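Engineer: Supplied in structure tokens, the structure appears directly below.
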Number of protein chains: 2
Amino acid sequence: MQVKKAQVRSGAYYDSVVLMQLQRSLAGLPGVLDAGVVMGTAANKEILAQTGLLAPEAKAASADDLVIVVQAEDNEAAEVALGRVDELLARRRGGVEHEYLPKSLDSAAQMLTDAHWVLISVPGRYAAGVTRQALRLGKNAFLYSDNVSLDEEVELKQMAAEMGLLVMGPDCGTAIVNGVGLGFANKVRRGPIGLVAASGTGLQQVSARIHQLGGGITHALGTGGRDLSEAVDAVTAHQGLDLLSRDPGTRVIVLISKPPAAQVADRLLRAARSAGKPVVVDFIGYCPPSRQTDALHFASTFDEAAEMAVQLAQGSANVPSRPQATDPDLVLALEQFAPGQQYLRGLFSGGTLAYEALLLLQDYLPGVYSNVPLKAEYRLENSLVSHEHTIVDLGEDEFTVGRLHPMMDNDLRIRRLLQEARDPHVAVILLDVVLGYGAHPDPASELAPAIVEARAAAQEAGRFLEVVAIVVGTDEDPQDFRGQMQQLVKAGAHVETSNDAAVRYVGHLLQALAPKATLENRLVLTPVDLSVLAEPLAALNVGLESFAESLEAQDAPVLQVDWRPPAGGNERLMALLEKMRG
Amino acid sequence: MQVKKAQVRSGAYYDSVVLMQLQRSLAGLPGVLDAGVVMGTAANKEILAQTGLLAPEAKAASADDLVIVVQAEDNEAAEVALGRVDELLARRRGGVEHEYLPKSLDSAAQMLTDAHWVLISVPGRYAAGVTRQALRLGKNAFLYSDNVSLDEEVELKQMAAEMGLLVMGPDCGTAIVNGVGLGFANKVRRGPIGLVAASGTGLQQVSARIHQLGGGITHALGTGGRDLSEAVDAVTAHQGLDLLSRDPGTRVIVLISKPPAAQVADRLLRAARSAGKPVVVDFIGYCPPSRQTDALHFASTFDEAAEMAVQLAQGSANVPSRPQATDPDLVLALEQFAPGQQYLRGLFSGGTLAYEALLLLQDYLPGVYSNVPLKAEYRLENSLVSHEHTIVDLGEDEFTVGRLHPMMDNDLRIRRLLQEARDPHVAVILLDVVLGYGAHPDPASELAPAIVEARAAAQEAGRFLEVVAIVVGTDEDPQDFRGQMQQLVKAGAHVETSNDAAVRYVGHLLQALAPKATLENRLVLTPVDLSVLAEPLAALNVGLESFAESLEAQDAPVLQVDWRPPAGGNERLMALLEKMRG
């Protein structure tokens, strides 16, 4: 008989890589069917419950507690597994061994005096403190940690701004400084394009595309996703823009963000205009009054931003925007799908890729539910349960407390993929697979088997499941770009290297699958006979005589009515007359 | 001694052309300095007060009363003038004389049986009744009248839709059916482009530009400005789109409107996509998810919409959007202006031209006040009193009760022009001059002298006043397009034929005149030293070891900190430690 057993350890701190490795080790022990190792936050306990792993002992755990759950074939296997936890935790994980590791930032700074950067990825509640320490030491901070409060962000950035230091983040996924990628970053050619981005995967998609187009990057400066909010006032973006405008190697600047607060956008665009260099702006979903003003060029997708930047770097003064034409040869094999299959489930690791997908899908679908929706009415009641068309950003803070980011750990996404595949209304699953430094060393090796399993399960149930994967990367990335794509294609996925292209393909497919009823107009219109346009115009004119004169001047037959207000303008009498006419 | 005398006539109905003519006749009588003839609405009485014409007798007049005010050199001249009112009203106005005019729509319909259209421009309160009559007679309605309620519009349009008839309007300024212009319409070449527009002057600007570019029009169908609201649900726009999609002469469709309600836009764009023809969409200020999807092409200005339509009609499949470059030779003679001159006053007759101007000015100015503002916070407290940068739509309902539209009657605009010119903070006055059928036969003859007077008054006060005029028209319009422009140029105006170009010129000028303080950033940033980018990257890593491994893989010096939560994760102790560090 299957059993579920749990252990709760209070006040224990472990690196989330260690937790992931413990979970995998436990799941691999004899007789163990599944395992969960998480910090005991409400969100994490709900995820455990969803996957059938919330053992009774775990229910009372608090956010500071480490929860270890094992599901095993029998009681003995479960007990044995839990008994090995200490041993497994004590094992040093593979990878680089360090002879001596300093215990504090201060002593580390004394050991590596050249270091002018500190990378910070400790749990959110400790992150502000470490960042403050780094600033006091005169270091710039790459602050990867999320779950840092807005107040703390404001305080840290103002402190940094006064000191002439940078705080990239919190929740800054990506940067490239002087050719070196920090956090999640693709390996891209060096060149004359500098980026400032309040978006990690947006920065990755644009820099990878620039590389694919033959262009290159000076620096790519992340700001963290909230930098362009009213409270933070784009401190880091202003600093980045200022740096790149002074940087002699940068000839073109690209600015990427979700739409900023209006006042913030206003000031930032003024600063961009006086940068003295062309600036490509992709405020994803932002509506610029015009597409180009002076040296500002507005792009509406990541792909377009990359293309514009490469063209401007080649010396084009005006860059025509790229019209988005549909592949005329696109054939949709709709007959493969079973009746009722009509919904999308997008499972993203990249927050801004998810956001761009939501925006682009507006062209095709009436509304897409999400944990990061475009409109409040489309917010998922529960991020763990999809509804109709859904896109989930699995990299959101709610999913990453005491858990690795989905770009590093595929576990949560694979579980969700299999869950969505069981829904008979689901037609398409959309995934991003982001490569580069910092990301999982071989994501396709884990995702491909899951895709095969999901598609097979659907097929067994008489359905067809289209899995679409966007692979973001370059041919110089450590993961082997082509090899990753090949694994996914072999698993039956439709693979694209552009979010834009993938989402439009999905949009077309779902639009074609949509039940016709939803496309109908609410109105019952009796078609107007074409003779209204085809016949020579002739009219009666009631009111301004000058209108009749105009028609006469145009040789159109017209008759002026010598109109007077009915009932001499008496309103009551007018109403009475009107009623009598029925 | 100057005197003001008024006469109030209850329940009297006169065509607003008649009222205008009476006002002009009175003002031309010996000893009369000024005259006002209006229906006694609150708005009209306020306008009288503004121009010093609100005689005590007029204050109590109600909306149904005709108010006649005379300002004269002495009592006698005033009395004589008022004594001639009946005689002046009795005079038949010039223009076309009709031998016999039918008194009712029914009898008119029997007299001109070919007429399948009724043009309606009676006062708003009577307009719905007349339209209902027209529909009952099986006629399509061109409903120019404004001040018709939304409920009435919904009712009329649903009635029409069921009967397969069109109701263009209410407040529909412009249409071209089978080559014949209705209401205000420019004379344009016939050709393969069909328009559906919820905007009169938008339709005029686009159709005139199409003509200027060598293109031509099949039909241009107005819908009235509220057609794309949620309540009306775009009934007329759907009918128009459907008609043009079936019309064999129409190869390209242009759809123009202010941004519609989201659901309405959604359905209308679906309909446009299945029109089977390319559709250029200019939902002025609307932010499309992408600039082109299948056969939908989004334009962001009237000029661009016209250019796209002409190119598509010539057979281009993809139309690159036109980047808006600034004229590199633009020289702004800023030294002519006196210190403190910094504001814009835009006095528009075309509502949608005013709206486009507000949108485009977002590129240049922090905020523009208006009676039709983009954001509620910029609504003028009083439409008759400008504040800082202001754009007034003088064709709004509030100004047109018992008064001719400003495209026909320049009186109100000239008074306002002279008033604005006296404000020492005003630098630029922006006017639209819309030509075509229905409009004033020679607007420049009245506006040019007023421009001369306004500029002279400013000069006398030691200031410089830039007057910018947008002339919307074609070389086939009855007014003589070139002659109109020449008159305005001679008066010292800067003349453009494109709203876009004029507004951008004004934007550049005002931006250059803006006091520098408003451009400053609120933040005090200590510049970050460029060495942060230029030096080889070296870092300390606190948190995920995989980030240190990435740096090592990139040959960047890195030192991992063996970090543990401070105070063993004890929050109170942490706070205490933090305080001690200060």
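Chains: A, B, ... in order of the structure tokens. Residues: from 1 per chain. Ligands: from 1, in order shown.
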Mind listing as a ChimeraX atom specification which residues of chain A are within 6 Å of chain B, counting only C-alpha atoms?
Structural biologist: /A:101-103,115,117-122,161-162,164-165,178,183,287,289,292-294,320,323-326,359-360,437-438,525-528,533,538-544,547,550,561-563
Engineer: Just the residues within 8 Å of region 465-472 of chain A, please, counting only C-alpha atoms, with nothing from its chain fewer than 3 positions along; format it as a CSV table (one decimal) with N, CA, C and O atoms, in the first residue's frame.
Structural biologist:
```csv
chain,number,residue,atom,x,y,z
A,204,GLN,N,17.3,38.4,-23.1
A,204,GLN,CA,17.9,37.2,-23.7
A,204,GLN,C,17.4,37.1,-25.1
A,204,GLN,O,18.2,36.8,-26.0
A,205,GLN,N,16.0,37.2,-25.3
A,205,GLN,CA,15.5,37.0,-26.7
A,205,GLN,C,16.1,38.1,-27.6
A,205,GLN,O,16.5,37.7,-28.7
A,208,ALA,N,20.0,37.4,-28.1
A,208,ALA,CA,20.2,36.2,-29.0
A,208,ALA,C,19.8,36.5,-30.4
A,208,ALA,O,20.5,36.1,-31.3
A,337,PHE,N,-7.3,17.0,-34.5
A,337,PHE,CA,-7.8,17.3,-33.2
A,337,PHE,C,-9.2,16.7,-33.0
A,337,PHE,O,-10.0,16.6,-34.0
A,421,ALA,N,-2.0,18.1,-20.3
A,421,ALA,CA,-2.2,17.1,-21.4
A,421,ALA,C,-3.4,16.2,-21.1
A,421,ALA,O,-4.0,15.7,-22.1
A,426,VAL,N,-7.8,20.7,-24.1
A,426,VAL,CA,-6.5,21.4,-24.4
A,426,VAL,C,-6.1,20.9,-25.8
A,426,VAL,O,-6.1,19.7,-26.1
A,427,ALA,N,-5.7,21.8,-26.7
A,427,ALA,CA,-5.3,21.5,-28.0
A,427,ALA,C,-3.8,21.8,-28.2
A,427,ALA,O,-3.1,21.1,-28.9
A,428,VAL,N,-3.3,22.8,-27.5
A,428,VAL,CA,-1.9,23.3,-27.7
A,428,VAL,C,-1.3,23.6,-26.4
A,428,VAL,O,-1.8,24.2,-25.5
A,429,ILE,N,0.0,23.1,-26.2
A,429,ILE,CA,0.8,23.5,-25.1
A,429,ILE,C,2.0,24.2,-25.6
A,429,ILE,O,2.7,23.8,-26.6
A,430,LEU,N,2.3,25.4,-25.0
A,430,LEU,CA,3.3,26.3,-25.5
A,430,LEU,C,4.4,26.4,-24.4
A,430,LEU,O,4.0,26.7,-23.2
A,431,LEU,N,5.6,26.1,-24.7
A,431,LEU,CA,6.7,26.2,-23.7
A,431,LEU,C,7.9,27.1,-24.3
A,431,LEU,O,8.1,27.1,-25.5
A,432,ASP,N,8.5,27.8,-23.4
A,432,ASP,CA,9.8,28.4,-23.8
A,432,ASP,C,10.9,27.6,-23.2
A,432,ASP,O,10.8,27.0,-22.1
A,433,VAL,N,12.0,27.5,-23.9
A,433,VAL,CA,13.2,26.8,-23.5
A,433,VAL,C,14.3,27.7,-23.6
A,433,VAL,O,14.8,28.0,-24.7
A,434,VAL,N,14.8,28.3,-22.5
A,434,VAL,CA,15.8,29.4,-22.6
A,434,VAL,C,17.1,28.8,-22.2
A,434,VAL,O,17.3,28.2,-21.2
A,435,LEU,N,18.1,28.9,-23.2
A,435,LEU,CA,19.4,28.4,-23.0
A,435,LEU,C,20.3,29.5,-22.5
A,435,LEU,O,19.9,30.7,-22.3
A,451,ILE,N,7.4,15.6,-23.1
A,451,ILE,CA,6.6,15.9,-24.3
A,451,ILE,C,6.1,14.6,-25.0
A,451,ILE,O,4.9,14.5,-25.3
A,454,ALA,N,3.4,13.2,-22.8
A,454,ALA,CA,2.1,14.0,-22.8
A,454,ALA,C,1.4,13.7,-24.1
A,454,ALA,O,0.2,13.5,-24.2
A,455,ARG,N,2.1,13.7,-25.2
A,455,ARG,CA,1.5,13.5,-26.5
A,455,ARG,C,0.9,12.1,-26.6
A,455,ARG,O,-0.2,11.9,-27.2
A,458,ALA,N,-2.3,11.8,-24.7
A,458,ALA,CA,-3.4,12.4,-25.4
A,458,ALA,C,-3.9,11.5,-26.6
A,458,ALA,O,-5.1,11.3,-26.8
A,459,GLN,N,-2.9,10.9,-27.2
A,459,GLN,CA,-3.2,10.0,-28.4
A,459,GLN,C,-4.0,8.8,-27.9
A,459,GLN,O,-5.0,8.4,-28.5
A,485,MET,N,17.3,21.8,-30.0
A,485,MET,CA,16.2,21.8,-30.9
A,485,MET,C,15.9,20.5,-31.5
A,485,MET,O,14.7,20.1,-31.6
A,488,LEU,N,13.9,18.3,-29.2
A,488,LEU,CA,12.5,18.6,-29.1
A,488,LEU,C,11.7,18.3,-30.3
A,488,LEU,O,10.6,17.8,-30.2
A,492,GLY,N,8.5,15.4,-31.1
A,492,GLY,CA,7.2,15.7,-31.8
A,492,GLY,C,6.8,17.2,-31.6
A,492,GLY,O,5.7,17.6,-32.0
A,493,ALA,N,7.7,18.0,-31.0
A,493,ALA,CA,7.3,19.4,-30.8
A,493,ALA,C,7.5,20.2,-32.1
A,493,ALA,O,8.3,19.9,-32.9
A,494,HIS,N,6.7,21.2,-32.2
A,494,HIS,CA,6.9,22.2,-33.3
A,494,HIS,C,7.8,23.3,-32.7
A,494,HIS,O,7.5,23.9,-31.7
A,495,VAL,N,9.0,23.5,-33.2
A,495,VAL,CA,10.0,24.3,-32.6
A,495,VAL,C,10.2,25.6,-33.4
A,495,VAL,O,10.3,25.6,-34.6
A,496,GLU,N,10.3,26.7,-32.6
A,496,GLU,CA,10.6,28.0,-33.2
A,496,GLU,C,11.7,28.6,-32.4
A,496,GLU,O,11.9,28.3,-31.2
A,497,THR,N,12.5,29.6,-33.0
A,497,THR,CA,13.5,30.3,-32.2
A,497,THR,C,13.0,31.7,-31.9
A,497,THR,O,13.7,32.5,-31.2
A,498,SER,N,11.8,32.0,-32.3
A,498,SER,CA,11.2,33.3,-32.0
A,498,SER,C,9.9,33.2,-31.3
A,498,SER,O,9.0,32.5,-31.7
A,499,ASN,N,9.8,34.0,-30.2
A,499,ASN,CA,8.5,34.0,-29.5
A,499,ASN,C,7.4,34.5,-30.4
A,499,ASN,O,6.3,33.9,-30.4
A,502,ALA,N,6.3,31.8,-32.9
A,502,ALA,CA,5.7,30.7,-32.2
A,502,ALA,C,4.2,31.1,-31.8
A,502,ALA,O,3.3,30.3,-32.0
A,506,VAL,N,0.6,29.6,-33.0
A,506,VAL,CA,-0.4,29.1,-32.0
A,506,VAL,C,-1.7,29.8,-32.2
A,506,VAL,O,-2.8,29.3,-32.1
```
Engineer: Enumerate, as a VMD selection string, the complete set of residues in region 76-266 of chain A that a backbone-based DSSP assignment places in strand (DSSP E or B).
Structural biologist: chain A and resid 117 to 120 140 to 143 167 to 168 174 to 177 180 to 183 185 190 to 197 217 to 222 252 to 257
Engineer: Would you please extract all alpha helix (DSSP H) residues from region 20-196 of chain A, as assigned by DSSP on the backbone, and give them as JSON, numbers by chain?
Structural biologist: {"A": [20, 21, 22, 23, 24, 25, 26, 27, 42, 43, 44, 45, 46, 47, 48, 49, 50, 75, 76, 77, 78, 79, 80, 81, 82, 83, 85, 86, 87, 88, 89, 90, 105, 106, 107, 108, 109, 110, 111, 124, 125, 126, 127, 128, 129, 130, 131, 132, 133, 134, 135, 136, 150, 151, 152, 153, 154, 155, 156, 157, 158, 159, 160, 161, 162, 163]}
Engineer: Expressed in Å to a single decimal, how great is the separation between CA of Ser62 (chain A) and CA of Gly40 (chain A)?
Structural biologist: 5.1 Å
Engineer: Name the residues in contact with Asp227 (chain A) at a cut-off of 9 Å, using only C-alpha atoms, excluding same-chain residues fewer than 4 positions from it; report them as a count of residues only.
Structural biologist: 15
Engineer: Using only C-alpha atoms, pick whichever of A:Gly346, A:Leu82, A:Thr474, A:Gly224 has the shortest atom-to-atom distance to Val188 (chain A).
Structural biologist: A:Thr474
Engineer: Would you mind telling me which residue in B:Met308, B:Asn382, B:Ala333, B:Arg345 lies nearest to Arg413 (chain B) when using only C-alpha atoms?
Structural biologist: B:Arg345
Engineer: Which value, in Å to one decimal, gives the distance between CA of Arg9 (chain A) and CA of Ser25 (chain A)?
Structural biologist: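 That distance, rounded to one decimal, is 18.0 Å.
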